[in-house]
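Trainee: Structure file entry01.cif (mmCIF, C-alpha atoms) is given on the next line.
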data_start
loop_
_atom_site.label_atom_id
_atom_site.label_comp_id
_atom_site.auth_asym_id
_atom_site.auth_seq_id
_atom_site.Cartn_x
_atom_site.Cartn_y
_atom_site.Cartn_z
CA MET A 1 3.94 -88.05 -5.93
CA SER A 2 0.76 -86.29 -6.71
CA SER A 3 0.94 -84.09 -9.74
CA GLN A 4 -0.41 -80.56 -9.44
CA ARG A 5 -2.66 -79.45 -12.23
CA VAL A 6 -1.74 -76.08 -13.72
CA LEU A 7 -4.75 -74.03 -14.75
CA PRO A 8 -4.39 -71.98 -17.91
CA THR A 9 -4.25 -68.21 -17.49
CA PRO A 10 -7.46 -66.61 -18.72
CA PRO A 11 -7.07 -63.97 -21.41
CA PRO A 12 -7.42 -60.35 -20.28
CA LEU A 13 -10.84 -58.90 -20.61
CA LYS A 14 -11.26 -55.87 -22.79
CA PRO A 15 -12.60 -52.54 -21.55
CA GLU A 16 -15.72 -52.79 -23.64
CA HIS A 17 -16.86 -55.64 -21.38
CA GLY A 18 -16.92 -53.24 -18.44
CA LEU A 19 -13.69 -54.53 -16.79
CA PRO A 20 -10.19 -53.02 -16.84
CA ASP A 21 -7.76 -54.27 -19.47
CA ARG A 22 -4.10 -55.33 -19.05
CA THR A 23 -2.87 -51.75 -18.79
CA SER A 24 -5.23 -51.21 -15.89
CA ALA A 25 -3.88 -54.30 -14.18
CA ARG A 26 -0.40 -52.74 -14.29
CA GLY A 27 -1.66 -49.77 -12.33
CA GLU A 28 -2.18 -47.35 -15.19
CA ALA A 29 -5.42 -45.41 -15.15
CA PRO A 30 -7.51 -45.70 -18.28
CA ALA A 31 -7.86 -42.58 -20.38
CA ARG A 32 -10.88 -40.51 -19.44
CA PRO A 33 -13.16 -39.36 -22.20
CA ARG A 34 -13.07 -35.64 -22.86
CA THR A 35 -16.08 -33.80 -21.57
CA LYS A 36 -17.39 -30.64 -23.09
CA LEU A 37 -17.29 -27.47 -21.01
CA SER A 38 -20.61 -26.25 -19.79
CA GLU A 39 -21.92 -22.82 -20.70
CA SER A 40 -21.17 -21.43 -17.20
CA GLN A 41 -17.58 -22.71 -17.35
CA ARG A 42 -17.02 -21.10 -20.73
CA ARG A 43 -18.41 -17.82 -19.45
CA HIS A 44 -16.19 -18.06 -16.37
CA ARG A 45 -13.07 -18.61 -18.46
CA LEU A 46 -14.01 -15.80 -20.82
CA GLY A 47 -14.58 -13.48 -17.86
CA ASN A 48 -11.17 -14.38 -16.39
CA LEU A 49 -9.53 -13.70 -19.76
CA LEU A 50 -11.18 -10.29 -20.07
CA VAL A 51 -10.23 -9.35 -16.49
CA THR A 52 -6.63 -10.39 -17.12
CA ILE A 53 -6.46 -8.27 -20.28
CA VAL A 54 -7.94 -5.21 -18.55
CA LEU A 55 -5.63 -5.55 -15.54
CA SER A 56 -2.62 -6.02 -17.81
CA LEU A 57 -3.48 -2.83 -19.72
CA GLY A 58 -3.94 -1.00 -16.41
CA ALA A 59 -0.56 -2.28 -15.20
CA VAL A 60 1.11 -1.01 -18.37
CA VAL A 61 -0.50 2.42 -17.92
CA MET A 62 0.64 2.57 -14.29
CA VAL A 63 4.20 1.39 -14.92
CA ALA A 64 4.80 3.41 -18.10
CA PRO A 65 5.55 6.76 -16.31
CA LEU A 66 8.08 5.04 -14.05
CA LEU A 67 9.78 3.39 -17.02
CA TRP A 68 9.80 6.69 -18.89
CA THR A 69 11.39 8.43 -15.88
CA PHE A 70 14.13 5.82 -15.70
CA SER A 71 14.64 5.92 -19.46
CA THR A 72 14.89 9.72 -19.51
CA SER A 73 17.39 9.69 -16.66
CA LEU A 74 19.80 7.73 -18.89
CA LYS A 75 19.50 9.95 -21.96
CA THR A 76 21.47 12.88 -23.23
CA ARG A 77 19.88 16.35 -23.34
CA ASP A 78 19.26 16.01 -27.06
CA GLY A 79 17.87 12.50 -26.64
CA VAL A 80 15.04 13.82 -24.47
CA PHE A 81 13.60 15.80 -27.40
CA ALA A 82 14.26 13.14 -30.07
CA LEU A 83 11.40 12.25 -32.43
CA PRO A 84 10.12 9.60 -32.39
CA PRO A 85 10.57 9.27 -28.62
CA GLN A 86 13.27 6.86 -27.49
CA TRP A 87 12.21 4.32 -24.88
CA ILE A 88 15.67 2.76 -24.97
CA PRO A 89 18.35 5.45 -24.60
CA ASP A 90 21.07 5.57 -27.21
CA PRO A 91 23.64 5.96 -25.71
CA PHE A 92 23.18 5.12 -22.01
CA VAL A 93 24.45 8.02 -19.91
CA TRP A 94 25.04 6.58 -16.45
CA GLU A 95 26.97 9.69 -15.45
CA ASN A 96 23.66 11.42 -14.72
CA TYR A 97 23.39 9.39 -11.52
CA LEU A 98 26.84 10.62 -10.51
CA ARG A 99 26.15 14.28 -11.27
CA ILE A 100 23.07 14.49 -9.01
CA TRP A 101 25.17 14.19 -5.84
CA SER A 102 27.22 17.28 -6.69
CA ALA A 103 24.42 19.27 -8.35
CA GLY A 104 22.60 19.89 -5.06
CA PRO A 105 22.20 18.77 -1.44
CA LEU A 106 20.55 15.51 -2.45
CA LEU A 107 22.23 13.39 0.24
CA SER A 108 21.19 15.70 3.07
CA GLY A 109 17.67 15.79 1.63
CA ILE A 110 17.48 12.00 1.73
CA GLN A 111 18.77 11.95 5.31
CA ASN A 112 16.26 14.57 6.47
CA SER A 113 13.37 12.78 4.74
CA LEU A 114 14.40 9.47 6.30
CA ILE A 115 14.56 11.05 9.75
CA VAL A 116 11.11 12.57 9.40
CA ALA A 117 9.42 9.62 7.69
CA CYS A 118 10.87 6.86 9.89
CA THR A 119 10.32 8.74 13.16
CA VAL A 120 6.75 9.72 12.34
CA THR A 121 5.65 6.37 10.91
CA ILE A 122 7.34 4.05 13.43
CA VAL A 123 6.47 5.96 16.61
CA GLY A 124 3.12 7.14 15.26
CA THR A 125 2.12 3.62 14.20
CA LEU A 126 2.77 2.32 17.72
CA PHE A 127 0.63 5.03 19.32
CA SER A 128 -2.08 4.59 16.67
CA ALA A 129 -2.28 0.85 17.32
CA LEU A 130 -2.49 1.42 21.07
CA ALA A 131 -5.23 4.02 20.60
CA ALA A 132 -7.18 1.71 18.29
CA PHE A 133 -6.95 -1.08 20.86
CA ALA A 134 -8.21 1.25 23.58
CA PHE A 135 -11.15 2.47 21.49
CA ALA A 136 -12.07 -1.05 20.37
CA LYS A 137 -11.64 -3.21 23.47
CA MET A 138 -11.18 -1.12 26.61
CA ARG A 139 -13.96 0.28 28.75
CA MET A 140 -13.58 3.98 29.51
CA PRO A 141 -15.98 6.91 29.90
CA PHE A 142 -16.89 9.01 26.86
CA LYS A 143 -15.00 6.62 24.58
CA ASN A 144 -17.33 7.05 21.62
CA VAL A 145 -17.49 10.83 22.06
CA ILE A 146 -13.70 11.08 21.94
CA PHE A 147 -13.54 8.83 18.90
CA LEU A 148 -16.17 10.86 17.03
CA SER A 149 -14.28 14.04 17.93
CA LEU A 150 -11.16 12.59 16.32
CA LEU A 151 -13.11 11.73 13.17
CA ALA A 152 -14.55 15.26 13.12
CA ALA A 153 -11.00 16.62 13.13
CA LEU A 154 -10.52 15.03 9.71
CA MET A 155 -13.08 17.47 8.32
CA VAL A 156 -10.87 20.46 9.11
CA PRO A 157 -8.73 21.29 6.04
CA PHE A 158 -5.02 21.80 6.59
CA PRO A 159 -4.87 25.30 4.99
CA THR A 160 -7.03 26.64 7.84
CA LEU A 161 -4.42 25.41 10.33
CA MET A 162 -1.28 26.55 8.55
CA ILE A 163 -1.08 30.10 9.91
CA PRO A 164 -1.95 29.23 13.55
CA GLN A 165 0.52 26.34 13.55
CA PHE A 166 3.26 28.43 11.97
CA THR A 167 2.71 31.19 14.57
CA MET A 168 2.82 28.66 17.41
CA PHE A 169 5.99 26.93 16.18
CA ALA A 170 7.68 30.27 15.43
CA SER A 171 7.02 31.45 19.00
CA ILE A 172 8.88 28.46 20.44
CA GLY A 173 11.73 28.59 17.90
CA TRP A 174 10.94 25.45 15.91
CA VAL A 175 10.85 27.09 12.47
CA ASP A 176 13.65 25.95 10.16
CA THR A 177 13.97 22.69 12.08
CA LEU A 178 12.52 19.23 11.55
CA LEU A 179 10.48 19.32 14.76
CA PRO A 180 7.28 20.81 13.22
CA LEU A 181 7.26 17.89 10.77
CA ILE A 182 7.72 15.26 13.49
CA VAL A 183 6.16 16.24 16.81
CA PRO A 184 2.52 16.83 15.73
CA PHE A 185 2.32 13.43 14.00
CA ILE A 186 4.15 11.01 16.31
CA PHE A 187 1.10 10.74 18.58
CA GLY A 188 -0.95 8.93 15.97
CA ASN A 189 -2.78 9.04 12.68
CA ILE A 190 -6.55 9.39 12.84
CA ILE A 191 -7.10 7.39 9.66
CA MET A 192 -4.91 4.55 10.96
CA ILE A 193 -6.71 4.60 14.31
CA PHE A 194 -10.08 4.33 12.56
CA PHE A 195 -8.91 1.53 10.25
CA LEU A 196 -7.33 -0.54 13.05
CA ARG A 197 -10.34 -0.01 15.32
CA GLN A 198 -12.63 -1.43 12.63
CA TYR A 199 -10.17 -4.27 12.07
CA LEU A 200 -10.17 -5.11 15.80
CA SER A 201 -13.96 -5.30 15.91
CA SER A 202 -13.74 -8.89 14.61
CA VAL A 203 -11.50 -10.01 17.49
CA PRO A 204 -13.62 -11.78 20.17
CA ASP A 205 -13.78 -10.06 23.54
CA SER A 206 -13.56 -13.45 25.23
CA ILE A 207 -9.86 -13.69 24.34
CA ILE A 208 -9.09 -10.45 26.15
CA GLU A 209 -11.29 -11.37 29.11
CA ALA A 210 -9.56 -14.74 29.44
CA ALA A 211 -6.16 -13.03 29.38
CA ARG A 212 -7.31 -10.57 32.05
CA ILE A 213 -8.47 -13.46 34.24
CA ASP A 214 -5.02 -15.03 33.88
CA GLY A 215 -3.49 -11.80 35.24
CA ALA A 216 -2.19 -10.23 32.02
CA SER A 217 -2.02 -6.45 31.80
CA PHE A 218 -3.41 -4.49 28.86
CA LEU A 219 0.08 -3.93 27.46
CA GLN A 220 0.81 -7.65 27.65
CA ILE A 221 -2.48 -8.40 25.93
CA PHE A 222 -1.71 -5.90 23.21
CA PHE A 223 1.83 -7.03 22.41
CA ARG A 224 1.24 -10.79 22.83
CA LEU A 225 -2.28 -11.22 21.48
CA ILE A 226 -3.50 -8.18 19.58
CA PHE A 227 -0.36 -7.05 17.76
CA PRO A 228 0.23 -10.39 15.95
CA ILE A 229 -3.40 -10.35 14.80
CA ILE A 230 -3.38 -6.82 13.40
CA LYS A 231 0.16 -6.96 11.99
CA PRO A 232 -1.01 -7.25 8.33
CA ALA A 233 -3.35 -4.27 8.77
CA ILE A 234 -0.56 -2.25 10.41
CA ALA A 235 1.78 -3.05 7.50
CA ALA A 236 -0.79 -1.86 4.95
CA GLN A 237 -1.39 1.41 6.81
CA PHE A 238 2.33 1.86 7.49
CA ILE A 239 3.30 1.92 3.84
CA LEU A 240 0.49 4.35 2.97
CA TRP A 241 1.53 6.68 5.78
CA PHE A 242 5.22 6.38 4.87
CA MET A 243 4.44 7.34 1.28
CA ALA A 244 2.39 10.35 2.43
CA VAL A 245 5.13 11.64 4.75
CA TRP A 246 7.91 10.92 2.25
CA ASN A 247 6.12 12.77 -0.57
CA ASP A 248 4.91 15.67 1.58
CA TYR A 249 5.80 19.03 0.04
CA LEU A 250 3.45 21.57 1.63
CA ALA A 251 4.55 21.32 5.27
CA PRO A 252 8.32 21.34 4.53
CA ILE A 253 8.05 24.38 2.29
CA ILE A 254 6.28 26.26 5.11
CA TYR A 255 8.74 25.52 7.91
CA LEU A 256 12.10 24.81 6.24
CA ASN A 257 14.35 27.46 4.76
CA SER A 258 18.00 26.41 5.10
CA PRO A 259 19.35 23.94 2.51
CA GLN A 260 20.84 21.68 5.20
CA VAL A 261 17.43 20.97 6.76
CA GLN A 262 15.36 20.70 3.58
CA THR A 263 13.68 17.38 2.84
CA LEU A 264 14.11 15.48 -0.40
CA GLN A 265 10.98 16.89 -2.02
CA LEU A 266 12.24 20.44 -1.60
CA VAL A 267 15.61 19.44 -3.03
CA ILE A 268 13.89 17.91 -6.09
CA ALA A 269 11.80 21.08 -6.49
CA ASN A 270 14.99 23.16 -6.43
CA PHE A 271 16.51 20.83 -9.03
CA ASN A 272 13.48 21.40 -11.24
CA ALA A 273 13.62 25.18 -10.84
CA GLN A 274 17.35 25.37 -11.47
CA TYR A 275 18.00 22.82 -14.20
CA ALA A 276 14.73 22.95 -16.17
CA ILE A 277 15.86 26.30 -17.54
CA GLN A 278 19.01 24.57 -18.78
CA THR A 279 16.88 21.75 -20.29
CA ASP A 280 18.85 19.29 -18.18
CA TYR A 281 15.88 16.97 -17.78
CA PRO A 282 18.01 13.79 -17.48
CA LEU A 283 19.49 15.19 -14.26
CA ILE A 284 16.03 16.01 -12.87
CA MET A 285 14.69 12.57 -13.77
CA ALA A 286 17.70 10.84 -12.21
CA ALA A 287 17.12 12.69 -8.94
CA SER A 288 13.40 11.92 -9.09
CA PHE A 289 14.05 8.22 -9.65
CA VAL A 290 16.41 8.11 -6.67
CA ALA A 291 13.64 9.71 -4.59
CA LEU A 292 11.32 6.81 -5.52
CA LEU A 293 13.64 4.07 -4.31
CA PRO A 294 12.94 4.25 -0.52
CA VAL A 295 9.18 3.96 -1.10
CA LEU A 296 9.75 1.05 -3.48
CA ILE A 297 11.96 -0.70 -0.91
CA VAL A 298 9.34 -0.26 1.83
CA PHE A 299 6.66 -1.74 -0.43
CA ILE A 300 8.84 -4.74 -1.32
CA VAL A 301 9.56 -5.40 2.37
CA PHE A 302 5.89 -5.21 3.44
CA GLN A 303 4.16 -6.56 0.34
CA ARG A 304 3.40 -9.97 1.90
CA GLN A 305 1.74 -8.36 4.92
CA ILE A 306 -0.24 -6.03 2.66
CA ILE A 307 -1.55 -8.96 0.60
CA GLU A 308 -2.47 -10.80 3.82
CA SER A 309 -4.32 -7.73 5.04
CA ILE A 310 -6.37 -7.54 1.84
CA ALA A 311 -7.09 -11.28 1.93
CA LEU A 312 -8.15 -11.27 5.57
CA THR A 313 -10.32 -8.20 5.06
CA GLY A 314 -12.05 -9.83 2.10
CA SER A 315 -12.67 -13.07 3.98
CA LYS A 316 -14.54 -11.46 6.88
CA GLY A 317 -18.24 -12.03 7.27
#
In structure tokens, what does this structure look like?
Mentor:
Amino acid sequence: MSSQRVLPTPPPLKPEHGLPDRTSARGEAPARPRTKLSESQRRHRLGNLLVTIVLSLGAVVMVAPLLWTFSTSLKTRDGVFALPPQWIPDPFVWENYLRIWSAGPLLSGIQNSLIVACTVTIVGTLFSALAAFAFAKMRMPFKNVIFLSLLAALMVPFPTLMIPQFTMFASIGWVDTLLPLIVPFIFGNIIMIFFLRQYLSSVPDSIIEAARIDGASFLQIFFRLIFPIIKPAIAAQFILWFMAVWNDYLAPIIYLNSPQVQTLQLVIANFNAQYAIQTDYPLIMAASFVALLPVLIVFIVFQRQIIESIALTGSKG
């Protein structure tokens, strides 16, 4: 038998010779030397730190009134005037949120506000999106003239229209009903039409022309192609419009008189007029905080679409 010669295993080379050591042979990466940050990187990190601090302070300033409203709604009458001010109520008076339902027509106010806000924003958003699509992508005579006329209507202040509108609605028997708050606005919002039209300007016309060649109608093009594209922009405009309609006080106080048809803002105003004299500010703050909840829920539902809208708008160009 021939004997096989066993060669000795060479010792591992050290890193200073330019080759990996035994730890590298086991698959472990050698430690990288620490590099110093450049001047631009240090400035960038310092700028991010300063922006974070400023935004944090701004967030505290914005959230503080909401926290104070919620804190006051859980206090006693004497706790509202305590010095130093109490951010944490002592004791917690949760009964204030039970008293608001019997202190005034709060439930009917919420129902009326929901009817007005949901009807106006949902139906009006659909018509606004259709109008924006027509102004942006359809060919029709005097399109630009009509669009500029709509923008010119924004220059007319609402106080100049209050008396003519009230006279018109009173002649047809709509005063003291919710119809004057719904009908004039369900056909669209000029600001939303303008915003969506500008948003649609980035959509290529070739997509619509190809769909038309395939036999699709304009409604099919809108709901299958255009609507998914502009959904983030619609969500952003929807929440802004919902907040404006929900917090509207001027129009309801002009047309609504009976307590059963008053919106939530009028009910809160009546709470303020009635219970501020009695220094029952916890009751007023509890009703005000309940009035904020629908807007907060709408924002939570649509916050992802709103962020997408901002990101897509910033990435254009």
Trainee: Going by the chain IDs and residue numbers used in this file, which residues fall under the PyMOL selection byres ((chain A and resi 175) around 12)? Write them as a PyMOL selection string.
Mentor: chain A and resi 165-174+176-181+251-258+261-262
Trainee: Got a sec to check which residues sit within 12 Å of (13.5, 6.5, -5.1), counting only C-alpha atoms, and write them as JSON, numbers by chain?
Mentor: {"A": [66, 69, 70, 106, 110, 113, 114, 243, 246, 247, 264, 265, 268, 285, 286, 287, 288, 289, 290, 291, 292, 293, 294, 295, 296, 297, 298, 299]}
Trainee: Select, from A:Ala64, A:Ile207, A:Ile221, A:Ala131, the residue with the minimum atom-to-atom distance to A:Lys143, counting only C-alpha atoms.
Mentor: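 Checking each candidate against A:Lys143, we get A:Ala131 as the closest.
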Trainee: Would you mind reading off the distance between atom CA of A:Val245 and atom CA of A:Cys118, one decimal, in Å?
Mentor: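 Between these atoms lies a distance of 9.1 Å.
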Trainee: Ranking A:Leu148, A:Arg99, A:Ala117, A:Ala276 by minimum distance to A:Thr263 and counting only C-alpha atoms, which one comes first?
Mentor: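 Ranking A:Leu148, A:Arg99, A:Ala117, A:Ala276 by distance to A:Thr263, first place goes to A:Ala117.
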Trainee: For A:Phe147, which residue among A:Leu55, A:Ile193, A:Leu67, A:Val61 is the nearest when counting all atoms listed in the file?
Mentor: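 Smallest distance to A:Phe147 is found for A:Ile193.
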Trainee: Choose the residue, out of A:Val301, A:Tyr275, A:Thr121, A:Asp248, that has the smallest atom-to-atom separation from A:Ile100; count all atoms listed in the file.
Mentor: A:Tyr275
Trainee: To one decimal place in Å, what is the distance between atom CA of A:Ala103 and atom CA of A:Asn272?
Mentor: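 The value is 11.5 Å.
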Trainee: Do you know which residues lie at most 10 Å from (-13.7, 7.8, 14.6), with coordinates as in the file and only C-alpha atoms counted, and could you write them as a PDB file with C-alpha atoms, in the frame of the given file?
Mentor:
ATOM      1  CA  ALA A 132      -7.180   1.710  18.290  1.00  0.00           C
ATOM      2  CA  PHE A 135     -11.150   2.470  21.490  1.00  0.00           C
ATOM      3  CA  ASN A 144     -17.330   7.050  21.620  1.00  0.00           C
ATOM      4  CA  VAL A 145     -17.490  10.830  22.060  1.00  0.00           C
ATOM      5  CA  ILE A 146     -13.700  11.080  21.940  1.00  0.00           C
ATOM      6  CA  PHE A 147     -13.540   8.830  18.900  1.00  0.00           C
ATOM      7  CA  LEU A 148     -16.170  10.860  17.030  1.00  0.00           C
ATOM      8  CA  SER A 149     -14.280  14.040  17.930  1.00  0.00           C
ATOM      9  CA  LEU A 150     -11.160  12.590  16.320  1.00  0.00           C
ATOM     10  CA  LEU A 151     -13.110  11.730  13.170  1.00  0.00           C
ATOM     11  CA  ALA A 152     -14.550  15.260  13.120  1.00  0.00           C
ATOM     12  CA  ALA A 153     -11.000  16.620  13.130  1.00  0.00           C
ATOM     13  CA  LEU A 154     -10.520  15.030   9.710  1.00  0.00           C
ATOM     14  CA  ILE A 190      -6.550   9.390  12.840  1.00  0.00           C
ATOM     15  CA  ILE A 191      -7.100   7.390   9.660  1.00  0.00           C
ATOM     16  CA  ILE A 193      -6.710   4.600  14.310  1.00  0.00           C
ATOM     17  CA  PHE A 194     -10.080   4.330  12.560  1.00  0.00           C
ATOM     18  CA  PHE A 195      -8.910   1.530  10.250  1.00  0.00           C
ATOM     19  CA  ARG A 197     -10.340  -0.010  15.320  1.00  0.00           C
ATOM     20  CA  GLN A 198     -12.630  -1.430  12.630  1.00  0.00           C
TER      21      GLN A 198
END
Trainee: Between atom CA of A:Phe242 and atom CA of A:Phe127, measure the distance and give it in Å to one decimal.
Mentor: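 Separation between atom CA of A:Phe242 and atom CA of A:Phe127: 15.2 Å.
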Trainee: Excluding A:Leu225 and its own-chain neighbours fewer than 3 positions away, which residues fall within 12 Å of it when counting only C-alpha atoms? Please give them as a VMD selection string.
Mentor: chain A and resid 133 200 203 to 205 207 to 212 216 to 222 228 to 231
Trainee: Counting only C-alpha atoms, which residue out of A:Trp68, A:Ala233, A:Phe187, A:Gln303 sits closest to A:Val80?
Mentor: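 Among A:Trp68, A:Ala233, A:Phe187, A:Gln303, it is A:Trp68 that comes nearest to A:Val80.
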Trainee: Just checking: using only C-alpha atoms, which residue out of A:Asn189, A:Ser102, A:Asn48, A:Ser71 ends up closest to A:Ile234?
Mentor: A:Asn189
Trainee: List the spatial neighbours of A:Pro89 as a list in words - criterion: any atom at most 8 Å away, all atoms listed in the file, same-chain residues fewer than 6 positions off excluded.
Mentor: Ser71, Thr72, Leu74, Lys75 and Gly79 of chain A
Trainee: Would you mind listing what lies within 12 Å of A:Val123 as an mmCIF file with C-alpha atoms, keeping the file's coordinate frame, with all atoms listed in the file counted and same-chain residues fewer than 2 positions away left out?
Mentor:
data_model
loop_
_atom_site.group_PDB
_atom_site.id
_atom_site.type_symbol
_atom_site.label_atom_id
_atom_site.label_comp_id
_atom_site.auth_asym_id
_atom_site.auth_seq_id
_atom_site.Cartn_x
_atom_site.Cartn_y
_atom_site.Cartn_z
ATOM 1 C CA ILE A 115 14.560 11.050 9.750
ATOM 2 C CA VAL A 116 11.110 12.570 9.400
ATOM 3 C CA ALA A 117 9.420 9.620 7.690
ATOM 4 C CA CYS A 118 10.870 6.860 9.890
ATOM 5 C CA THR A 119 10.320 8.740 13.160
ATOM 6 C CA VAL A 120 6.750 9.720 12.340
ATOM 7 C CA THR A 121 5.650 6.370 10.910
ATOM 8 C CA THR A 125 2.120 3.620 14.200
ATOM 9 C CA LEU A 126 2.770 2.320 17.720
ATOM 10 C CA PHE A 127 0.630 5.030 19.320
ATOM 11 C CA SER A 128 -2.080 4.590 16.670
ATOM 12 C CA ALA A 129 -2.280 0.850 17.320
ATOM 13 C CA LEU A 130 -2.490 1.420 21.070
ATOM 14 C CA ILE A 182 7.720 15.260 13.490
ATOM 15 C CA VAL A 183 6.160 16.240 16.810
ATOM 16 C CA PRO A 184 2.520 16.830 15.730
ATOM 17 C CA PHE A 185 2.320 13.430 14.000
ATOM 18 C CA ILE A 186 4.150 11.010 16.310
ATOM 19 C CA PHE A 187 1.100 10.740 18.580
ATOM 20 C CA GLY A 188 -0.950 8.930 15.970
ATOM 21 C CA ASN A 189 -2.780 9.040 12.680
ATOM 22 C CA PHE A 238 2.330 1.860 7.490
ATOM 23 C CA TRP A 241 1.530 6.680 5.780
ATOM 24 C CA PHE A 242 5.220 6.380 4.870
#
Trainee: Please complete stretch 251-267 of chain A so it has N, CA, C and O atoms, and hand it over as a PDB file, keeping the file's coordinate frame.
Mentor:
ATOM      1  N   ALA A 251       4.040  21.009   3.933  1.00  0.00           N
ATOM      2  CA  ALA A 251       4.550  21.320   5.270  1.00  0.00           C
ATOM      3  C   ALA A 251       6.042  21.671   5.258  1.00  0.00           C
ATOM      4  O   ALA A 251       6.446  22.650   5.898  1.00  0.00           O
ATOM      5  N   PRO A 252       6.906  20.935   4.556  1.00  0.00           N
ATOM      6  CA  PRO A 252       8.320  21.340   4.530  1.00  0.00           C
ATOM      7  C   PRO A 252       8.560  22.715   3.936  1.00  0.00           C
ATOM      8  O   PRO A 252       9.431  23.454   4.417  1.00  0.00           O
ATOM      9  N   ILE A 253       7.804  23.085   2.900  1.00  0.00           N
ATOM     10  CA  ILE A 253       8.050  24.380   2.290  1.00  0.00           C
ATOM     11  C   ILE A 253       7.598  25.532   3.194  1.00  0.00           C
ATOM     12  O   ILE A 253       8.037  26.683   3.041  1.00  0.00           O
ATOM     13  N   ILE A 254       6.725  25.238   4.167  1.00  0.00           N
ATOM     14  CA  ILE A 254       6.280  26.260   5.110  1.00  0.00           C
ATOM     15  C   ILE A 254       7.315  26.501   6.201  1.00  0.00           C
ATOM     16  O   ILE A 254       7.618  27.643   6.546  1.00  0.00           O
ATOM     17  N   TYR A 255       7.902  25.409   6.721  1.00  0.00           N
ATOM     18  CA  TYR A 255       8.740  25.520   7.910  1.00  0.00           C
ATOM     19  C   TYR A 255      10.231  25.507   7.632  1.00  0.00           C
ATOM     20  O   TYR A 255      11.014  25.936   8.491  1.00  0.00           O
ATOM     21  N   LEU A 256      10.672  25.000   6.486  1.00  0.00           N
ATOM     22  CA  LEU A 256      12.100  24.810   6.240  1.00  0.00           C
ATOM     23  C   LEU A 256      12.610  25.836   5.256  1.00  0.00           C
ATOM     24  O   LEU A 256      12.008  26.045   4.197  1.00  0.00           O
ATOM     25  N   ASN A 257      13.734  26.451   5.614  1.00  0.00           N
ATOM     26  CA  ASN A 257      14.350  27.460   4.760  1.00  0.00           C
ATOM     27  C   ASN A 257      15.783  27.112   4.381  1.00  0.00           C
ATOM     28  O   ASN A 257      16.180  27.291   3.237  1.00  0.00           O
ATOM     29  N   SER A 258      16.583  26.678   5.340  1.00  0.00           N
ATOM     30  CA  SER A 258      18.000  26.410   5.100  1.00  0.00           C
ATOM     31  C   SER A 258      18.170  25.149   4.260  1.00  0.00           C
ATOM     32  O   SER A 258      17.427  24.168   4.443  1.00  0.00           O
ATOM     33  N   PRO A 259      19.140  25.131   3.353  1.00  0.00           N
ATOM     34  CA  PRO A 259      19.350  23.940   2.510  1.00  0.00           C
ATOM     35  C   PRO A 259      19.711  22.690   3.302  1.00  0.00           C
ATOM     36  O   PRO A 259      19.364  21.577   2.902  1.00  0.00           O
ATOM     37  N   GLN A 260      20.394  22.852   4.448  1.00  0.00           N
ATOM     38  CA  GLN A 260      20.840  21.680   5.200  1.00  0.00           C
ATOM     39  C   GLN A 260      19.713  20.979   5.932  1.00  0.00           C
ATOM     40  O   GLN A 260      19.879  19.835   6.387  1.00  0.00           O
ATOM     41  N   VAL A 261      18.551  21.612   6.083  1.00  0.00           N
ATOM     42  CA  VAL A 261      17.430  20.970   6.760  1.00  0.00           C
ATOM     43  C   VAL A 261      16.284  20.668   5.803  1.00  0.00           C
ATOM     44  O   VAL A 261      15.244  20.144   6.232  1.00  0.00           O
ATOM     45  N   GLN A 262      16.429  20.954   4.539  1.00  0.00           N
ATOM     46  CA  GLN A 262      15.360  20.700   3.580  1.00  0.00           C
ATOM     47  C   GLN A 262      15.195  19.200   3.334  1.00  0.00           C
ATOM     48  O   GLN A 262      16.174  18.449   3.306  1.00  0.00           O
ATOM     49  N   THR A 263      13.962  18.781   3.155  1.00  0.00           N
ATOM     50  CA  THR A 263      13.680  17.380   2.840  1.00  0.00           C
ATOM     51  C   THR A 263      13.912  17.128   1.354  1.00  0.00           C
ATOM     52  O   THR A 263      14.172  18.040   0.570  1.00  0.00           O
ATOM     53  N   LEU A 264      13.792  15.869   0.970  1.00  0.00           N
ATOM     54  CA  LEU A 264      14.110  15.480  -0.400  1.00  0.00           C
ATOM     55  C   LEU A 264      13.188  16.125  -1.409  1.00  0.00           C
ATOM     56  O   LEU A 264      13.615  16.482  -2.519  1.00  0.00           O
ATOM     57  N   GLN A 265      11.922  16.301  -1.066  1.00  0.00           N
ATOM     58  CA  GLN A 265      10.980  16.890  -2.020  1.00  0.00           C
ATOM     59  C   GLN A 265      11.328  18.335  -2.339  1.00  0.00           C
ATOM     60  O   GLN A 265      11.168  18.788  -3.474  1.00  0.00           O
ATOM     61  N   LEU A 266      11.811  19.065  -1.337  1.00  0.00           N
ATOM     62  CA  LEU A 266      12.240  20.440  -1.600  1.00  0.00           C
ATOM     63  C   LEU A 266      13.508  20.461  -2.447  1.00  0.00           C
ATOM     64  O   LEU A 266      13.674  21.340  -3.304  1.00  0.00           O
ATOM     65  N   VAL A 267      14.393  19.514  -2.221  1.00  0.00           N
ATOM     66  CA  VAL A 267      15.610  19.440  -3.030  1.00  0.00           C
ATOM     67  C   VAL A 267      15.256  19.142  -4.487  1.00  0.00           C
ATOM     68  O   VAL A 267      15.811  19.749  -5.418  1.00  0.00           O
TER      69      VAL A 267
END
